$ cat start.cif   # mmCIF, C-alpha atoms
data_structure
loop_
_atom_site.label_atom_id
_atom_site.label_comp_id
_atom_site.auth_asym_id
_atom_site.auth_seq_id
_atom_site.Cartn_x
_atom_site.Cartn_y
_atom_site.Cartn_z
CA MET J 526 -12.89 27.80 49.37
CA GLY J 527 -14.15 26.02 52.47
CA ASP J 528 -13.09 22.63 53.75
CA PRO J 529 -14.23 20.02 51.18
CA ILE J 530 -14.41 17.38 53.91
CA LYS J 531 -17.86 17.40 55.49
CA LYS J 532 -18.72 15.77 58.77
CA ILE J 533 -21.94 13.76 58.68
CA GLU J 534 -23.82 11.79 61.30
CA LEU J 535 -25.66 8.64 60.38
CA LYS J 536 -29.04 7.63 61.86
CA ASP J 537 -27.35 5.28 64.29
CA GLY J 538 -25.21 8.14 65.58
CA THR J 539 -22.02 7.08 63.76
CA THR J 540 -19.83 9.91 62.52
CA ARG J 541 -18.43 9.81 58.98
CA TYR J 542 -16.45 12.20 56.77
CA ARG J 543 -17.52 12.75 53.19
CA PHE J 544 -16.39 14.77 50.19
CA VAL J 545 -17.60 15.39 46.65
CA ILE J 546 -14.97 16.07 44.00
CA ASP J 547 -15.02 16.91 40.29
CA ILE J 548 -13.31 14.21 38.20
CA GLY J 549 -13.55 15.75 34.75
CA ARG J 550 -16.07 15.40 31.97
CA ASP J 551 -17.56 12.25 30.52
CA PRO J 552 -15.75 11.67 27.17
CA ALA J 553 -18.95 10.32 25.64
CA THR J 554 -21.46 12.97 26.77
CA GLY J 555 -19.25 15.91 27.74
CA LYS J 556 -21.12 16.26 31.05
CA ARG J 557 -19.30 17.06 34.26
CA ARG J 558 -18.68 14.08 36.53
CA GLN J 559 -18.41 14.08 40.31
CA LEU J 560 -17.32 11.41 42.76
CA THR J 561 -18.57 11.05 46.34
CA LYS J 562 -16.38 9.25 48.90
CA THR J 563 -17.04 8.56 52.60
CA TYR J 564 -14.51 7.54 55.26
CA GLY J 565 -14.45 6.75 58.94
CA THR J 566 -11.90 9.41 59.86
CA LYS J 567 -11.20 12.90 58.62
CA LYS J 568 -7.55 12.01 58.10
CA GLU J 569 -8.44 9.21 55.67
CA ALA J 570 -10.87 11.43 53.81
CA ARG J 571 -8.37 14.27 53.51
CA ALA J 572 -5.63 11.94 52.21
CA GLU J 573 -7.92 10.43 49.59
CA TYR J 574 -9.20 13.84 48.50
CA ALA J 575 -5.62 15.07 48.01
CA LYS J 576 -4.72 11.93 46.06
CA ILE J 577 -7.73 12.19 43.70
CA LYS J 578 -7.20 15.93 43.24
CA HIS J 579 -3.56 15.37 42.27
CA GLN J 580 -4.44 12.58 39.84
CA THR J 581 -7.21 14.55 38.15
CA ASP J 582 -4.88 17.56 37.78
CA GLU J 583 -2.24 15.26 36.24
CA GLY J 584 -4.80 13.50 34.02
CA THR J 585 -4.03 10.07 35.53
CA PHE J 586 -7.16 9.51 37.61
CA VAL J 587 -9.08 6.31 36.85
CA VAL J 588 -12.82 6.64 37.34
CA PRO J 589 -14.38 3.75 39.29
CA ASP J 590 -16.10 1.49 36.78
CA LYS J 591 -18.17 -1.71 36.91
CA THR J 592 -17.01 -3.08 33.55
CA THR J 593 -16.21 -6.79 33.84
CA VAL J 594 -13.24 -8.52 32.28
CA SER J 595 -15.48 -10.21 29.68
CA ASP J 596 -17.15 -6.90 28.84
CA TRP J 597 -13.78 -5.30 28.25
CA LEU J 598 -12.47 -8.23 26.17
CA ASP J 599 -15.55 -7.91 23.94
CA THR J 600 -14.73 -4.23 23.40
CA TRP J 601 -11.03 -4.86 22.83
CA LEU J 602 -11.55 -7.73 20.39
CA LYS J 603 -14.01 -5.70 18.35
CA SER J 604 -11.49 -2.89 17.86
CA THR J 605 -8.30 -4.93 17.54
CA THR J 606 -9.60 -7.41 14.95
CA VAL J 607 -11.16 -4.89 12.55
CA ASP J 608 -8.59 -5.38 9.78
CA VAL J 609 -7.40 -8.95 10.43
CA GLU J 610 -8.39 -12.17 8.70
CA LYS J 611 -11.18 -14.32 10.07
CA ALA J 612 -8.73 -17.02 11.19
CA THR J 613 -6.60 -14.49 13.07
CA ALA J 614 -9.64 -13.00 14.80
CA ALA J 615 -10.71 -16.50 15.83
CA ASN J 616 -7.24 -17.19 17.24
CA TYR J 617 -7.41 -13.99 19.30
CA ALA J 618 -10.80 -14.96 20.71
CA ASP J 619 -9.74 -18.55 21.42
CA ALA J 620 -6.61 -17.42 23.25
CA LEU J 621 -8.75 -15.38 25.67
CA LEU J 622 -11.22 -18.17 26.52
CA PRO J 623 -9.27 -19.19 29.66
CA VAL J 624 -9.29 -15.57 30.85
CA ARG J 625 -13.04 -15.41 30.40
CA GLU J 626 -13.54 -18.68 32.26
CA ARG J 627 -11.44 -17.72 35.29
CA LEU J 628 -11.81 -13.95 35.46
CA GLY J 629 -14.63 -13.02 33.06
CA GLY J 630 -17.21 -12.09 35.70
CA LYS J 631 -14.79 -10.07 37.80
CA ARG J 632 -14.64 -6.27 37.60
CA LEU J 633 -11.74 -5.26 35.38
CA GLN J 634 -10.49 -2.79 37.99
CA ALA J 635 -10.56 -5.48 40.69
CA VAL J 636 -8.22 -7.94 38.92
CA THR J 637 -4.89 -8.33 40.73
CA GLU J 638 -1.47 -9.69 39.84
CA GLU J 639 -2.28 -12.69 42.02
CA ASP J 640 -5.37 -13.37 39.87
CA VAL J 641 -3.21 -13.45 36.73
CA ASP J 642 -0.59 -15.67 38.41
CA ASP J 643 -3.36 -18.07 39.45
CA LEU J 644 -4.71 -18.04 35.88
CA VAL J 645 -1.32 -19.11 34.51
CA SER J 646 -0.97 -21.83 37.14
CA TRP J 647 -4.45 -23.19 36.36
CA MET J 648 -3.79 -23.24 32.61
CA LEU J 649 -0.52 -25.14 33.06
CA THR J 650 -2.10 -27.77 35.32
CA SER J 651 -5.74 -28.23 34.30
CA GLY J 652 -6.81 -25.68 31.69
CA ARG J 653 -7.23 -27.94 28.63
CA LYS J 654 -10.71 -28.05 27.11
CA ARG J 655 -9.95 -29.70 23.76
CA GLY J 656 -7.12 -31.12 21.67
CA GLY J 657 -6.23 -33.71 24.29
CA LYS J 658 -7.35 -34.97 27.69
CA VAL J 659 -9.85 -32.50 29.13
CA GLY J 660 -8.63 -31.16 32.46
CA SER J 661 -4.94 -31.70 31.74
CA GLY J 662 -2.44 -28.85 31.45
CA LEU J 663 -2.04 -26.68 28.39
CA GLY J 664 1.29 -26.25 26.66
CA VAL J 665 3.58 -23.34 27.43
CA ARG J 666 3.02 -21.89 23.96
CA SER J 667 -0.75 -21.74 24.53
CA VAL J 668 -0.27 -20.09 27.91
CA GLN J 669 2.15 -17.57 26.41
CA LEU J 670 -0.39 -16.73 23.71
CA THR J 671 -3.17 -16.19 26.26
CA LEU J 672 -0.95 -14.10 28.51
CA GLY J 673 0.24 -12.01 25.56
CA ARG J 674 -3.29 -11.26 24.35
CA PHE J 675 -4.46 -10.39 27.87
CA ARG J 676 -1.49 -8.07 28.36
CA SER J 677 -2.27 -6.33 25.08
CA SER J 678 -5.90 -5.81 26.07
CA LEU J 679 -4.86 -4.36 29.44
CA ASN J 680 -2.40 -2.00 27.74
CA VAL J 681 -5.32 -0.53 25.81
CA ALA J 682 -7.42 -0.39 28.99
CA LEU J 683 -4.55 1.48 30.67
CA ARG J 684 -4.32 3.92 27.78
CA ARG J 685 -8.05 4.60 28.05
CA ARG J 686 -7.66 5.08 31.82
CA LEU J 687 -9.95 2.17 32.69
CA VAL J 688 -7.32 0.62 34.97
CA VAL J 689 -4.53 2.04 37.10
CA ARG J 690 -1.89 -0.38 35.80
CA ASN J 691 -1.42 -3.52 33.71
CA VAL J 692 -1.58 -6.30 36.31
CA ALA J 693 -0.42 -8.88 33.73
CA GLN J 694 2.71 -6.93 32.79
CA TYR J 695 5.15 -8.83 34.96
CA THR J 696 3.50 -12.26 35.19
CA GLN J 697 5.92 -14.96 34.07
CA ILE J 698 5.51 -18.61 33.15
CA PRO J 699 7.42 -20.64 35.77
CA ARG J 700 10.95 -21.63 34.75
CA GLU J 701 10.27 -25.33 35.36
CA ALA J 702 7.31 -25.30 32.96
CA ARG J 703 9.45 -23.61 30.31
CA ARG J 704 12.24 -26.14 30.87
CA LYS J 705 9.87 -29.08 30.42
CA ALA J 706 8.39 -27.52 27.27
CA ALA J 707 11.86 -27.04 25.80
CA ALA J 708 12.76 -30.65 26.60
CA ALA J 709 9.56 -31.90 24.95
CA ALA J 710 10.23 -29.79 21.86
CA ALA J 711 13.76 -31.18 21.63
CA GLN J 712 12.34 -34.71 21.53
CA ARG J 713 10.05 -33.84 18.61
CA VAL J 714 12.44 -34.70 15.81
CA PRO J 715 11.34 -34.66 12.13
CA TRP J 716 11.90 -37.74 10.01
CA SER J 717 15.39 -38.51 8.79
CA GLU J 718 16.07 -39.15 5.11
CA THR J 719 15.93 -42.90 5.77
CA GLU J 720 12.54 -42.64 7.47
CA VAL J 721 11.13 -40.56 4.61
CA ARG J 722 12.23 -43.18 2.08
CA GLU J 723 10.80 -46.04 4.17
CA PHE J 724 7.44 -44.29 4.44
CA LEU J 725 7.26 -43.49 0.74
CA ALA J 726 8.16 -47.04 -0.21
CA SER J 727 5.21 -48.31 1.83
CA ILE J 728 2.62 -45.98 0.25
CA ARG J 729 3.84 -45.94 -3.35
CA ASP J 730 0.66 -47.65 -4.60
CA HIS J 731 -1.73 -45.91 -2.23
CA ARG J 732 -4.36 -43.50 -3.54
CA LEU J 733 -2.89 -40.69 -1.40
CA HIS J 734 0.65 -41.09 -2.70
CA ALA J 735 0.61 -37.78 -4.59
CA PRO J 736 -0.94 -35.66 -1.77
CA VAL J 737 1.56 -37.13 0.72
CA LEU J 738 4.40 -36.21 -1.66
CA LEU J 739 3.06 -32.65 -1.71
CA ALA J 740 3.39 -32.54 2.07
CA LEU J 741 6.86 -34.04 1.88
CA ILE J 742 8.11 -31.36 -0.50
CA GLY J 743 7.35 -28.79 2.20
CA MET J 744 3.85 -27.59 1.39
CA ARG J 745 1.70 -26.71 4.38
CA PRO J 746 -1.36 -28.95 4.99
CA ALA J 747 -3.66 -26.01 4.17
CA GLU J 748 -1.75 -25.49 0.92
CA VAL J 749 -2.10 -29.17 -0.01
CA CYS J 750 -5.85 -29.04 0.64
CA GLY J 751 -6.14 -25.76 -1.29
CA LEU J 752 -4.21 -26.85 -4.40
CA ARG J 753 -6.35 -26.89 -7.56
CA TRP J 754 -5.60 -28.72 -10.77
CA SER J 755 -5.72 -25.36 -12.53
CA ALA J 756 -2.60 -24.41 -10.54
CA VAL J 757 -0.75 -27.58 -11.65
CA ASP J 758 0.94 -27.43 -15.05
CA LEU J 759 2.00 -30.98 -15.85
CA GLU J 760 3.26 -29.93 -19.26
CA ALA J 761 5.59 -27.28 -17.85
CA GLY J 762 6.30 -29.34 -14.74
CA THR J 763 5.28 -26.73 -12.16
CA LEU J 764 2.64 -26.05 -9.54
CA SER J 765 1.58 -22.68 -8.10
CA VAL J 766 0.72 -22.17 -4.44
CA GLU J 767 -2.17 -19.70 -4.72
CA LEU J 768 -4.81 -20.86 -2.26
CA THR J 769 -5.09 -22.37 1.22
CA ARG J 770 -8.05 -24.31 2.54
CA THR J 771 -8.38 -24.58 6.29
CA LEU J 772 -10.86 -24.81 9.15
CA VAL J 773 -11.84 -21.70 11.11
CA GLU J 774 -14.25 -22.28 14.00
CA GLY J 775 -15.48 -25.47 12.34
CA GLU J 776 -16.08 -23.85 8.94
CA VAL J 777 -13.93 -24.17 5.82
CA GLU J 778 -12.17 -20.98 4.79
CA GLU J 779 -10.47 -20.59 1.44
CA LYS J 780 -8.00 -17.73 1.06
CA GLY J 781 -4.62 -16.87 -0.37
CA PRO J 782 -1.34 -17.65 1.45
CA LYS J 783 -0.74 -15.53 4.55
CA SER J 784 2.04 -13.51 2.89
CA GLU J 785 3.15 -12.48 -0.59
CA LYS J 786 6.16 -14.78 -0.28
CA GLY J 787 3.75 -17.63 0.38
CA LYS J 788 2.50 -17.28 -3.21
CA ARG J 789 5.12 -19.21 -5.14
CA LYS J 790 5.64 -21.40 -8.18
CA LEU J 791 7.48 -24.67 -7.53
CA PRO J 792 9.04 -26.94 -10.14
CA LEU J 793 7.96 -30.57 -9.94
CA SER J 794 10.48 -33.30 -9.24
CA LYS J 795 10.18 -36.37 -11.49
CA PRO J 796 8.60 -38.56 -8.76
CA LEU J 797 6.02 -35.89 -7.88
CA HIS J 798 5.27 -35.18 -11.55
CA ALA J 799 4.60 -38.88 -12.17
CA ALA J 800 2.49 -39.20 -9.00
CA LEU J 801 0.33 -36.20 -9.86
CA LYS J 802 -0.14 -37.40 -13.43
CA ALA J 803 -1.25 -40.81 -12.15
CA PHE J 804 -3.53 -39.23 -9.54
CA LYS J 805 -5.22 -37.06 -12.15
CA ALA J 806 -5.84 -40.08 -14.38
CA ARG J 807 -7.21 -42.00 -11.41
CA GLN J 808 -9.62 -39.18 -10.62
CA ALA J 809 -10.82 -39.10 -14.22
CA ALA J 810 -11.68 -42.80 -13.94
CA GLU J 811 -13.43 -42.20 -10.60
CA ALA J 812 -15.46 -39.38 -12.16
CA ILE J 813 -16.65 -41.69 -14.95
CA ARG J 814 -17.69 -44.37 -12.46
CA ALA J 815 -19.50 -41.86 -10.20
CA GLY J 816 -21.25 -40.07 -13.06
CA GLU J 817 -23.52 -37.26 -11.92
CA LEU J 818 -22.59 -37.88 -8.28
CA TYR J 819 -19.04 -36.62 -8.92
CA ALA J 820 -18.52 -33.13 -7.44
CA ARG J 821 -15.88 -31.84 -9.91
CA SER J 822 -14.61 -29.34 -7.34
CA GLY J 823 -11.33 -28.80 -9.16
CA PHE J 824 -9.19 -29.52 -6.10
CA VAL J 825 -6.29 -31.98 -6.28
CA LEU J 826 -7.01 -33.59 -2.91
CA VAL J 827 -10.51 -35.02 -3.19
CA ASP J 828 -12.26 -38.26 -2.31
CA GLU J 829 -13.60 -40.78 -4.80
CA LEU J 830 -16.66 -38.57 -5.38
CA GLY J 831 -14.63 -35.44 -6.08
CA ARG J 832 -15.34 -33.80 -2.72
CA PRO J 833 -12.42 -31.72 -1.37
CA TRP J 834 -10.69 -32.64 1.86
CA LYS J 835 -10.14 -30.54 4.96
CA THR J 836 -6.87 -30.36 6.88
CA ASP J 837 -8.15 -32.44 9.81
CA ARG J 838 -9.03 -35.32 7.47
CA LEU J 839 -5.64 -35.14 5.78
CA ARG J 840 -3.92 -35.24 9.17
CA ARG J 841 -5.89 -38.33 10.28
CA ALA J 842 -5.22 -40.09 6.98
CA ILE J 843 -1.46 -39.50 7.21
CA TYR J 844 -1.39 -40.80 10.79
CA LYS J 845 -3.19 -43.94 9.62
CA LEU J 846 -0.64 -44.44 6.84
CA MET J 847 2.18 -44.07 9.38
CA ASP J 848 0.63 -46.80 11.53
CA GLN J 849 0.27 -49.10 8.54
CA ALA J 850 3.85 -48.43 7.45
CA LYS J 851 5.10 -48.99 11.02
CA VAL J 852 7.23 -45.84 10.92
CA ARG J 853 7.85 -43.41 13.76
CA LYS J 854 4.80 -41.21 14.27
CA VAL J 855 5.46 -37.50 13.71
CA ARG J 856 3.15 -34.56 13.13
CA PRO J 857 2.23 -34.19 9.43
CA TYR J 858 3.44 -30.58 9.64
CA ASP J 859 6.88 -31.96 10.55
CA ALA J 860 7.15 -33.24 6.98
CA ARG J 861 7.71 -29.59 6.09
CA HIS J 862 10.51 -29.41 8.65
CA ALA J 863 12.08 -32.61 7.28
CA CYS J 864 11.98 -31.27 3.71
CA LEU J 865 13.57 -27.93 4.54
CA THR J 866 16.21 -29.56 6.74
CA TYR J 867 17.12 -31.90 3.87
CA LEU J 868 17.43 -29.01 1.42
CA ALA J 869 19.50 -26.90 3.82
CA THR J 870 21.88 -29.73 4.68
CA SER J 871 22.24 -30.81 1.05
CA GLY J 872 23.94 -27.59 0.05
CA VAL J 873 20.93 -25.71 -1.34
CA PRO J 874 21.55 -21.97 -0.67
CA ASP J 875 19.60 -20.42 2.23
CA VAL J 876 17.82 -17.96 -0.04
CA ILE J 877 16.48 -20.82 -2.18
CA VAL J 878 15.36 -22.84 0.86
CA SER J 879 13.51 -19.83 2.24
CA ALA J 880 11.86 -19.09 -1.13
CA TRP J 881 10.81 -22.75 -1.47
CA ALA J 882 9.20 -22.57 1.97
CA GLY J 883 7.41 -19.34 1.17
CA HIS J 884 9.17 -17.36 3.90
CA ALA J 885 10.25 -13.73 3.70
CA ASP J 886 12.76 -14.08 6.55
CA LEU J 887 15.80 -16.27 5.95
CA SER J 888 16.72 -16.33 9.63
CA PHE J 889 13.21 -17.53 10.55
CA THR J 890 13.49 -20.49 8.19
CA LYS J 891 16.86 -21.51 9.63
CA ARG J 892 15.83 -20.95 13.25
CA VAL J 893 12.49 -22.75 13.20
CA TYR J 894 12.57 -25.32 10.38
CA ILE J 895 16.15 -26.57 10.08
CA HIS J 896 17.06 -29.45 12.42
CA PRO J 897 20.56 -30.86 11.74
CA ASN J 898 21.06 -34.32 13.26
CA VAL J 899 24.15 -36.39 13.93
CA GLU J 900 24.30 -37.65 10.34
CA HIS J 901 24.32 -34.09 9.04
CA LEU J 902 27.10 -33.24 11.51
CA ARG J 903 29.20 -36.14 10.23
CA GLN J 904 30.30 -33.97 7.31
CA ALA J 905 31.79 -31.54 9.82
CA ALA J 906 33.54 -34.43 11.56
CA ASP J 907 35.05 -35.55 8.24
CA GLN J 908 36.34 -32.05 7.59
CA LEU J 909 37.84 -31.88 11.06
CA GLY J 910 39.45 -35.28 10.46
CA GLU J 911 41.34 -33.82 7.53
CA LEU J 912 42.47 -30.85 9.63
CA LEU J 913 43.61 -33.00 12.54
CA GLY J 914 45.43 -35.47 10.36
#

$ encode --input "start.cif" --output "structure tokens"
Amino acid sequence: MGDPIKKIELKDGTTRYRFVIDIGRDPATGKRRQLTKTYGTKKEARAEYAKIKHQTDEGTFVVPDKTTVSDWLDTWLKSTTVDVEKATAANYADALLPVRERLGGKRLQAVTEEDVDDLVSWMLTSGRKRGGKVGSGLGVRSVQLTLGRFRSSLNVALRRRLVVRNVAQYTQIPREARRKAAAAAAQRVPWSETEVREFLASIRDHRLHAPVLLALIGMRPAEVCGLRWSAVDLEAGTLSVELTRTLVEGEVEEKGPKSEKGKRKLPLSKPLHAALKAFKARQAAEAIRAGELYARSGFVLVDELGRPWKTDRLRRAIYKLMDQAKVRKVRPYDARHACLTYLATSGVPDVIVSAWAGHADLSFTKRVYIHPNVEHLRQAADQLGELLG
């Protein structure tokens, strides 16, 4: 075999060194592919030829490709969300929006580690597009989600030999950003028992008393909005969590709980039983007044015309009630945390607390939802007092 490096002379008299090398067959068509490379010196050309030849023999050569980051993300999302729920697929796509904005038009093979580091920095300082002040920084959790999804997509690109390496593999969120996020999370404390009682006392005669109680017994907002009267047995004193009702890309989606453990039957406490009974009677009166205008949707949480609520409306209504009651403002979802903390610190066995929450993992319930405060720790202090005399 002759020297694969050929000397060529351009029209302007410049000398260049060129080679043509086989790089395997196209996986789609089966046709042989060749690559032509030109260099200024024979030494450079020879070194590159040897490198490509070694990589093709080893099966590690990455064919130059013009696919952009957005093009690849479209391909990856299509394959990775085949068997997932609509809400999950939407979350995947949303998490990658910052990547598309900053890197979408760039060739996938041209993205560097510095590009990914800059992406993280931009997201932490000015990447917010919604859910707060536009142009402010996103939370660490959002950045972690984006980085995780991008890494996963690049792992697949690496496996398909579209890129040489995963340039997002070692990108880290700065320690200071993680420290601030942890400090902010520590300040987000669910209501105490006293605060729960104060809030309930202020809304006892409000139309939303029963739905708020549902949130305060640990039901998720989507479960409250998805609860139907057919799943409430006032005679037996139970309710069944069978359906969730949430927003996905601006549209209402009704589906079962996200896990088998999420489907559960809960006994009604006396206050909740009375509140639901009163709420049902109130809705019957509203239906009579509205006549044919009444929707009769069958949901527990409806307006005066029987139209079911969405989670965003429930959240706004609860915030308004908090303002009127002049209690400390917390996220409505934190009512779930407050409920499970109360159960766990009141001596209810862990397995019961986890089953009540609809969790399959006991350790997850304790790690994420249980928040002992100083009053809960006082019991330990009393026990130590007896030991220490």

$ atom_distance --input "start.cif" --atom1 "atom CA of J:Glu811" --atom2 "atom CA of J:Glu829"
6.0 Å

$ closest_residue --input "start.cif" --among "J:Ala809, J:Ala880, J:Val855, J:Ala707" --to "J:Lys788" --atoms "all atoms listed in the file"
J:Ala880

$ residues_around --input "start.cif" --residues "J:Pro736" --least-positions-apart "4" --cutoff "7 Å" --atoms "all atoms listed in the file" --output "PyMOL selection string"
chain J and resi 740+749+826

$ atom_distance --input "start.cif" --atom1 "atom CA of J:Phe675" --atom2 "atom CA of J:Pro589"
20.7 Å

$ residues_around --input "start.cif" --residues "J:Ala815" --least-positions-apart "6" --cutoff "12 Å" --atoms "all atoms listed in the file" --output "PyMOL selection string"
chain J and resi 808-809+821+828-832

$ resolve_selection --input "start.cif" --expression "the PyMOL selection byres ((chain J and resi 697) around 12)" --output "PDB file with C-alpha atoms, keeping the file's coordinate frame"
ATOM      1  CA  GLU J 638      -1.470  -9.690  39.840  1.00  0.00           C
ATOM      2  CA  GLU J 639      -2.280 -12.690  42.020  1.00  0.00           C
ATOM      3  CA  VAL J 641      -3.210 -13.450  36.730  1.00  0.00           C
ATOM      4  CA  ASP J 642      -0.590 -15.670  38.410  1.00  0.00           C
ATOM      5  CA  ASP J 643      -3.360 -18.070  39.450  1.00  0.00           C
ATOM      6  CA  LEU J 644      -4.710 -18.040  35.880  1.00  0.00           C
ATOM      7  CA  VAL J 645      -1.320 -19.110  34.510  1.00  0.00           C
ATOM      8  CA  SER J 646      -0.970 -21.830  37.140  1.00  0.00           C
ATOM      9  CA  VAL J 665       3.580 -23.340  27.430  1.00  0.00           C
ATOM     10  CA  VAL J 668      -0.270 -20.090  27.910  1.00  0.00           C
ATOM     11  CA  GLN J 669       2.150 -17.570  26.410  1.00  0.00           C
ATOM     12  CA  LEU J 672      -0.950 -14.100  28.510  1.00  0.00           C
ATOM     13  CA  GLY J 673       0.240 -12.010  25.560  1.00  0.00           C
ATOM     14  CA  ARG J 676      -1.490  -8.070  28.360  1.00  0.00           C
ATOM     15  CA  VAL J 692      -1.580  -6.300  36.310  1.00  0.00           C
ATOM     16  CA  ALA J 693      -0.420  -8.880  33.730  1.00  0.00           C
ATOM     17  CA  GLN J 694       2.710  -6.930  32.790  1.00  0.00           C
ATOM     18  CA  TYR J 695       5.150  -8.830  34.960  1.00  0.00           C
ATOM     19  CA  THR J 696       3.500 -12.260  35.190  1.00  0.00           C
ATOM     20  CA  ILE J 698       5.510 -18.610  33.150  1.00  0.00           C
ATOM     21  CA  PRO J 699       7.420 -20.640  35.770  1.00  0.00           C
ATOM     22  CA  ARG J 700      10.950 -21.630  34.750  1.00  0.00           C
ATOM     23  CA  GLU J 701      10.270 -25.330  35.360  1.00  0.00           C
ATOM     24  CA  ALA J 702       7.310 -25.300  32.960  1.00  0.00           C
ATOM     25  CA  ARG J 703       9.450 -23.610  30.310  1.00  0.00           C
TER      26      ARG J 703
END

$ atom_distance --input "start.cif" --atom1 "atom CA of J:Pro529" --atom2 "atom CA of J:Val545"
7.3 Å

$ resolve_selection --input "start.cif" --expression "the PyMOL selection byres ((chain J and resi 533) around 12)" --output "PyMOL selection string"
chain J and resi 530-532+534-544+563-567

$ residues_around --input "start.cif" --residues "J:Thr613" --least-positions-apart "6" --cutoff "12 Å" --atoms "only C-alpha atoms" --output "count of residues only"
11

$ residues_around --input "start.cif" --residues "stretch 630-637 of chain J" --least-positions-apart "3" --cutoff "9 Å" --atoms "only C-alpha atoms" --output "PDB file with C-alpha atoms, in the frame of the given file"
ATOM      1  CA  PRO J 589     -14.380   3.750  39.290  1.00  0.00           C
ATOM      2  CA  ASP J 590     -16.100   1.490  36.780  1.00  0.00           C
ATOM      3  CA  LYS J 591     -18.170  -1.710  36.910  1.00  0.00           C
ATOM      4  CA  THR J 592     -17.010  -3.080  33.550  1.00  0.00           C
ATOM      5  CA  THR J 593     -16.210  -6.790  33.840  1.00  0.00           C
ATOM      6  CA  VAL J 594     -13.240  -8.520  32.280  1.00  0.00           C
ATOM      7  CA  SER J 595     -15.480 -10.210  29.680  1.00  0.00           C
ATOM      8  CA  ASP J 596     -17.150  -6.900  28.840  1.00  0.00           C
ATOM      9  CA  TRP J 597     -13.780  -5.300  28.250  1.00  0.00           C
ATOM     10  CA  ARG J 625     -13.040 -15.410  30.400  1.00  0.00           C
ATOM     11  CA  GLU J 626     -13.540 -18.680  32.260  1.00  0.00           C
ATOM     12  CA  ARG J 627     -11.440 -17.720  35.290  1.00  0.00           C
ATOM     13  CA  ASP J 640      -5.370 -13.370  39.870  1.00  0.00           C
ATOM     14  CA  VAL J 641      -3.210 -13.450  36.730  1.00  0.00           C
ATOM     15  CA  ASP J 642      -0.590 -15.670  38.410  1.00  0.00           C
ATOM     16  CA  LEU J 687      -9.950   2.170  32.690  1.00  0.00           C
ATOM     17  CA  VAL J 688      -7.320   0.620  34.970  1.00  0.00           C
ATOM     18  CA  VAL J 689      -4.530   2.040  37.100  1.00  0.00           C
ATOM     19  CA  VAL J 692      -1.580  -6.300  36.310  1.00  0.00           C
ATOM     20  CA  ALA J 693      -0.420  -8.880  33.730  1.00  0.00           C
TER      21      ALA J 693
END

$ resolve_selection --input "start.cif" --expression "the PyMOL selection byres ((chain J and resi 745) around 9)" --output "list of chain:residue names"
J:Leu739, J:Ala740, J:Gly743, J:Met744, J:Pro746, J:Ala747, J:Glu748, J:Val749, J:Cys750, J:Thr769, J:Tyr858, J:Ala860, J:Arg861, J:Ala882

$ closest_residue --input "start.cif" --among "J:Gly549, J:Gly527, J:Pro796, J:Pro833" --to "J:Glu583" --atoms "all atoms listed in the file"
J:Gly549

$ residues_around --input "start.cif" --residues "J:Arg853" --least-positions-apart "6" --cutoff "8 Å" --atoms "only C-alpha atoms" --output "list in words"
Trp716, Glu720 and Met847 of chain J

$ closest_residue --input "start.cif" --among "J:Leu846, J:Val757, J:Leu679, J:Val587" --to "J:Leu797" --atoms "all atoms listed in the file"
J:Val757

$ closest_atom_pairs --input "start.cif" --of "stretch 701-819 of chain J" --to "stretch 862-865 of chain J" --cutoff "9 Å" --atoms "all atoms listed in the file" --output "Markdown table"
| residue | atom | partner | partner_atom | distance |
| --- | --- | --- | --- | --- |
| J:Val714 | CA | J:Ala863 | CA | 8.8 |
| J:Pro715 | CA | J:Ala863 | CA | 5.3 |
| J:Trp716 | CA | J:Ala863 | CA | 5.8 |
| J:Ser717 | CA | J:Ala863 | CA | 6.9 |
| J:Glu718 | CA | J:Ala863 | CA | 8.0 |
| J:Val721 | CA | J:Ala863 | CA | 8.4 |
| J:Ala740 | CA | J:Cys864 | CA | 8.8 |
| J:Leu741 | CA | J:Cys864 | CA | 6.1 |
| J:Ile742 | CA | J:Cys864 | CA | 5.7 |
| J:Gly743 | CA | J:Cys864 | CA | 5.5 |

$ closest_residue --input "start.cif" --among "J:Ala820, J:Val777, J:Val852, J:Leu839" --to "J:Lys611" --atoms "all atoms listed in the file"
J:Val777

$ axis_aligned_box --input "start.cif" --around "stretch 644-659 of chain J" --padding-each-side "5 Å" --output "JSON"
{"center_x": -5.6, "center_y": -26.5, "center_z": 29.4, "size_x": 20.2, "size_y": 26.9, "size_z": 25.5}

$ closest_residue --input "start.cif" --among "J:Leu752, J:Ala706, J:Leu621, J:Ala800" --to "J:Ser822" --atoms "all atoms listed in the file"
J:Leu752

$ decode --input "start.cif" --residues "stretch 650-664 of chain J" --atoms "C-alpha atoms" --output "mmCIF file, in the first residue's frame"
data_model
loop_
_atom_site.group_PDB
_atom_site.id
_atom_site.type_symbol
_atom_site.label_atom_id
_atom_site.label_comp_id
_atom_site.auth_asym_id
_atom_site.auth_seq_id
_atom_site.Cartn_x
_atom_site.Cartn_y
_atom_site.Cartn_z
ATOM 1 C CA THR J 650 -28.051 34.172 38.057
ATOM 2 C CA SER J 651 -30.587 35.088 35.371
ATOM 3 C CA GLY J 652 -32.229 32.019 33.858
ATOM 4 C CA ARG J 653 -35.783 32.369 35.231
ATOM 5 C CA LYS J 654 -38.538 32.705 32.639
ATOM 6 C CA ARG J 655 -41.615 32.070 34.798
ATOM 7 C CA GLY J 656 -42.693 31.295 38.354
ATOM 8 C CA GLY J 657 -41.131 34.466 39.728
ATOM 9 C CA LYS J 658 -39.264 37.561 38.584
ATOM 10 C CA VAL J 659 -38.191 37.067 34.974
ATOM 11 C CA GLY J 660 -34.424 37.346 34.656
ATOM 12 C CA SER J 661 -33.674 36.317 38.228
ATOM 13 C CA GLY J 662 -31.791 33.146 39.128
ATOM 14 C CA LEU J 663 -33.334 29.700 39.161
ATOM 15 C CA GLY J 664 -33.210 27.470 42.212
#
